[in-house]
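Visitor: Please see the structure below; I have some questions.
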Amino acid sequence: MIERSLDLDAVEAFVRIAELGSFTRAAEAMGTAQAAVSLKLKRLEDRLGCRLIERTPRHVHLSARGAAFLEHARELLAVHDRALATFAQARQRLAIGISDHVAGPELAALIARMNAQDPQLLIEIRIASSGDLLQSFDRRELDTVIVRMHGGRDDGELLAEEQFGWFAAPSWQPRAGEPLPLATLAEPCGVRAMAGQALDAAGIPWTEIFVGGGVATVVAAVMAGLGVAALAPRMLPLGAMDVGTRLGLPDLPRLPVLLHTRVRDGRQRHALAALSAAFRSAVHSRAAASPARSKFA
């Protein structure tokens, strides 16, 4: 029988560690230090009298007791948030712009993570090119933008770096003597410019075979067998092949993902910290699951 009530901060630390699989990313989401998160977890485990998280130098995972407690911990936090919402004033708004080359298949999970952090926060998300979003941010139309590094900008917080490759459908075959058919986004697009410059520098003739209004349409064109596209592996469905080595295409660089924000504190900052930590976790997990360059035999 547990006589004393549970520390909600400690319960939140446990939930964040379980969801993000990392003490470091849990600390980022909570806006605190890793040592503080470890201390909160130890306090909770001491209170419950059991180990909730098994931790090794390489892995963090739930114990059997931790897995059984996780849903109850989430419910406890949700009830607490609903109780506070009873006295909340008008919803606060957070307007976020996310580059089309950054918003991948994890977007729904990222939105859910922000909503779980603060269900009363009004979240507005706009998807566009990095250049357009930075202009909107500078005009104060957006509170925060998450974009690829853009020419002429050296500000922003580094969230992650992603390796790009040359991807095609498994059935696609180049035609001898013809320029490389390239599927791209419409101008202006920094990734499109990077791909064209890399091919030009390597002396490889190319031609645009498809111009899409978003990354999803470019991916569809690639998987339809129209040609090759420069993309981050995270954006592509299972089965897409990196054909760069086979075709002798130039290596593409790792491109930084940067966070630009005017939000410094309050509820919006906590939600943004949860989004940033979840995004880092998603990129890291996909990178660990995928080889740097697949072979196209």
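All residue names refer to the structure tokens as shown: chains lettered A, B, ... in order, residues numbered from 1 in each chain, ligands numbered from 1 in order.
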Quick one: everything within 10 Å of Phe279 (chain A), counting only C-alpha atoms, minus sequence neighbours fewer than 6 positions away in the same chain. Send it as a ChimeraX atom specification.
Guide: /A:20,25,102-104,106-107,109-110,113,159-160,273,285
Visitor: Can you tell me, as a VMD selection string, what residues are no more than 12 Å from Glu45 (chain A) when counting only C-alpha atoms, ignoring any on the same chain fewer than 4 positions away?
Guide: chain A and resid 2 6 to 7 10 to 11 13 to 14 38 to 41 49 to 54 63 65 to 66 69
Visitor: Run DSSP on the backbone and tell me which residues of region 166-236 of chain A come out as alpha helix (DSSP H); list them as a count of residues only.
Guide: 21
Visitor: If we count only C-alpha atoms, what is near Thr144 (chain A) at a cut-off of 7 Å, once residues fewer than 4 positions away on the same chain are taken out, given as a PDB file with N, CA, C and O atoms, in the first residue's frame?
Guide:
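The resulting file, selection_11.pdb, is shown below:
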ATOM      1  N   ALA A  95       1.595  28.948 -33.721  1.00  0.00           N
ATOM      2  CA  ALA A  95       1.627  28.792 -35.182  1.00  0.00           C
ATOM      3  C   ALA A  95       3.006  28.315 -35.607  1.00  0.00           C
ATOM      4  O   ALA A  95       4.004  28.999 -35.391  1.00  0.00           O
ATOM      5  N   ILE A  96       3.059  27.143 -36.228  1.00  0.00           N
ATOM      6  CA  ILE A  96       4.321  26.497 -36.594  1.00  0.00           C
ATOM      7  C   ILE A  96       4.354  26.257 -38.099  1.00  0.00           C
ATOM      8  O   ILE A  96       3.378  25.782 -38.693  1.00  0.00           O
ATOM      9  N   GLY A  97       5.472  26.576 -38.722  1.00  0.00           N
ATOM     10  CA  GLY A  97       5.699  26.235 -40.116  1.00  0.00           C
ATOM     11  C   GLY A  97       6.725  25.116 -40.203  1.00  0.00           C
ATOM     12  O   GLY A  97       7.749  25.160 -39.520  1.00  0.00           O
ATOM     13  N   PHE A 137       8.016  33.760 -41.107  1.00  0.00           N
ATOM     14  CA  PHE A 137       8.524  33.901 -39.739  1.00  0.00           C
ATOM     15  C   PHE A 137       9.054  35.321 -39.511  1.00  0.00           C
ATOM     16  O   PHE A 137       8.761  35.946 -38.477  1.00  0.00           O
ATOM     17  N   HIS A 260      13.707  27.739 -35.762  1.00  0.00           N
ATOM     18  CA  HIS A 260      13.704  29.189 -35.532  1.00  0.00           C
ATOM     19  C   HIS A 260      12.443  29.510 -34.739  1.00  0.00           C
ATOM     20  O   HIS A 260      11.338  29.144 -35.168  1.00  0.00           O
ATOM     21  N   THR A 261      12.572  30.171 -33.610  1.00  0.00           N
ATOM     22  CA  THR A 261      11.396  30.454 -32.797  1.00  0.00           C
ATOM     23  C   THR A 261      11.560  31.739 -32.002  1.00  0.00           C
ATOM     24  O   THR A 261      12.678  32.125 -31.648  1.00  0.00           O
ATOM     25  N   ARG A 262      10.412  32.376 -31.760  1.00  0.00           N
ATOM     26  CA  ARG A 262      10.366  33.514 -30.833  1.00  0.00           C
ATOM     27  C   ARG A 262       9.781  33.097 -29.486  1.00  0.00           C
ATOM     28  O   ARG A 262       9.707  33.903 -28.571  1.00  0.00           O
TER      29      ARG A 262
END
Visitor: Near region 116-126 of chain A, counting only C-alpha atoms, which residues have an atom at most 9 Å away, once you skip same-chain residues fewer than 6 positions from it, shown as a PyMOL selection string?
Guide: chain A and resi 78+81-82+85+88+90-99+133+142+267-268+270-271+274
Visitor: Since we have the selection now, will you write its residues out, keeping C-alpha atoms, as a PDB file, in the first residue's frame?
Guide:
ATOM      1  CA  ALA A  78      -4.432  13.450 -18.442  1.00  0.00           C
ATOM      2  CA  ASP A  81      -4.432  18.383 -17.210  1.00  0.00           C
ATOM      3  CA  ARG A  82      -8.228  18.267 -17.486  1.00  0.00           C
ATOM      4  CA  ALA A  85      -8.135  23.171 -17.918  1.00  0.00           C
ATOM      5  CA  ALA A  88      -7.847  27.880 -17.907  1.00  0.00           C
ATOM      6  CA  ALA A  90      -8.766  31.396 -23.561  1.00  0.00           C
ATOM      7  CA  ARG A  91      -6.736  28.892 -25.546  1.00  0.00           C
ATOM      8  CA  GLN A  92      -3.211  29.968 -26.352  1.00  0.00           C
ATOM      9  CA  ARG A  93      -2.161  29.618 -29.992  1.00  0.00           C
ATOM     10  CA  LEU A  94       1.087  28.304 -31.430  1.00  0.00           C
ATOM     11  CA  ALA A  95       1.627  28.792 -35.182  1.00  0.00           C
ATOM     12  CA  ILE A  96       4.321  26.497 -36.594  1.00  0.00           C
ATOM     13  CA  GLY A  97       5.699  26.235 -40.116  1.00  0.00           C
ATOM     14  CA  ILE A  98       7.358  22.971 -41.167  1.00  0.00           C
ATOM     15  CA  SER A  99       9.328  22.568 -44.365  1.00  0.00           C
ATOM     16  CA  LEU A 133       8.363  29.762 -44.180  1.00  0.00           C
ATOM     17  CA  LEU A 142       4.506  32.276 -37.598  1.00  0.00           C
ATOM     18  CA  ARG A 267       2.949  26.623 -22.313  1.00  0.00           C
ATOM     19  CA  GLN A 268       3.961  27.095 -25.951  1.00  0.00           C
ATOM     20  CA  HIS A 270       6.827  23.266 -23.277  1.00  0.00           C
ATOM     21  CA  ALA A 271       4.838  22.013 -26.269  1.00  0.00           C
ATOM     22  CA  ALA A 274       8.099  18.107 -26.713  1.00  0.00           C
TER      23      ALA A 274
END
Visitor: Got a sec to tell me which of region 35-229 of chain A DSSP assigns to strand (DSSP E or B), as number ranges by chain?
Guide: A: 53-55, 60-62, 93-99, 122-128, 144-148, 157-163, 165-168, 180-185, 206-212, 228-229
Visitor: If you measure from CA of Leu76 (chain A) to CA of Ala112 (chain A), what distance in Å do you get, rounded to one decimal?
Guide: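 Spanning CA of Leu76 (chain A) to CA of Ala112 (chain A) is a straight-line distance of 17.6 Å.
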Visitor: Using Å and a single decimal, report how far CA of Gly266 (chain A) sits from CA of Met149 (chain A).
Guide: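 Calculated distance between CA of Met149 (chain A) and CA of Gly266 (chain A) is 26.9 Å.
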Visitor: Please measure the separation of CA of Val257 (chain A) and CA of Val147 (chain A), giving the value in Å to one decimal.
Guide: 5.6 Å
Visitor: When you look at Leu158 (chain A) with a cut-off of 7 Å (counting only C-alpha atoms), what residues show up, excluding the ones that are within fewer than 4 positions of it in the same chain? I need them as a list in words.
Guide: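 Residues meeting the cut-off are Pro256, Val257, Leu258 and Leu259 of chain A.
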Visitor: Please dump the current selection as a PDB file, in the first residue's frame; keep C-alpha atoms.
Guide:
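To be explicit, this is the file written out as result-v4.pdb:
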ATOM      1  CA  PRO A 256      20.764  20.364 -41.107  1.00  0.00           C
ATOM      2  CA  VAL A 257      17.222  20.805 -39.805  1.00  0.00           C
ATOM      3  CA  LEU A 258      16.936  24.063 -37.864  1.00  0.00           C
ATOM      4  CA  LEU A 259      14.390  25.441 -35.429  1.00  0.00           C
TER       5      LEU A 259
END
Visitor: I'd like the contact shell of region 199-208 of chain A - 10 Å cut-off, only C-alpha atoms, skipping same-chain residues fewer than 4 positions apart - returned as a list in words.
Guide: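 With the cut-off at 10 Å, the set is Gly177, Glu178, Pro179, Leu180, Pro181, Leu182, Ala183, Thr184, Leu185, Met194, Ala195, Gly227, Val228, Ala229, Gly248, Leu249, Pro250, Asp251 and Leu252 of chain A.
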Visitor: Counting only C-alpha atoms, what is within 9 Å of Pro253 (chain A), bar same-chain residues fewer than 4 positions away, as a PDB file with C-alpha atoms, in the first residue's frame?
Guide:
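Output below, filename out36.pdb:
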ATOM      1  CA  GLU A 162      19.824  14.005 -42.342  1.00  0.00           C
ATOM      2  CA  GLN A 163      21.741  12.284 -45.116  1.00  0.00           C
ATOM      3  CA  PHE A 164      20.215  12.613 -48.593  1.00  0.00           C
ATOM      4  CA  GLY A 165      20.431  10.034 -51.344  1.00  0.00           C
TER       5      GLY A 165
END
Visitor: Of the residues A:Val283, A:Ala168, A:Ala108, A:Leu134, which is the one nearest to Asp155 (chain A), using only C-alpha atoms?
Guide: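 Residue with the minimum atom-to-atom distance to Asp155 (chain A): A:Leu134.
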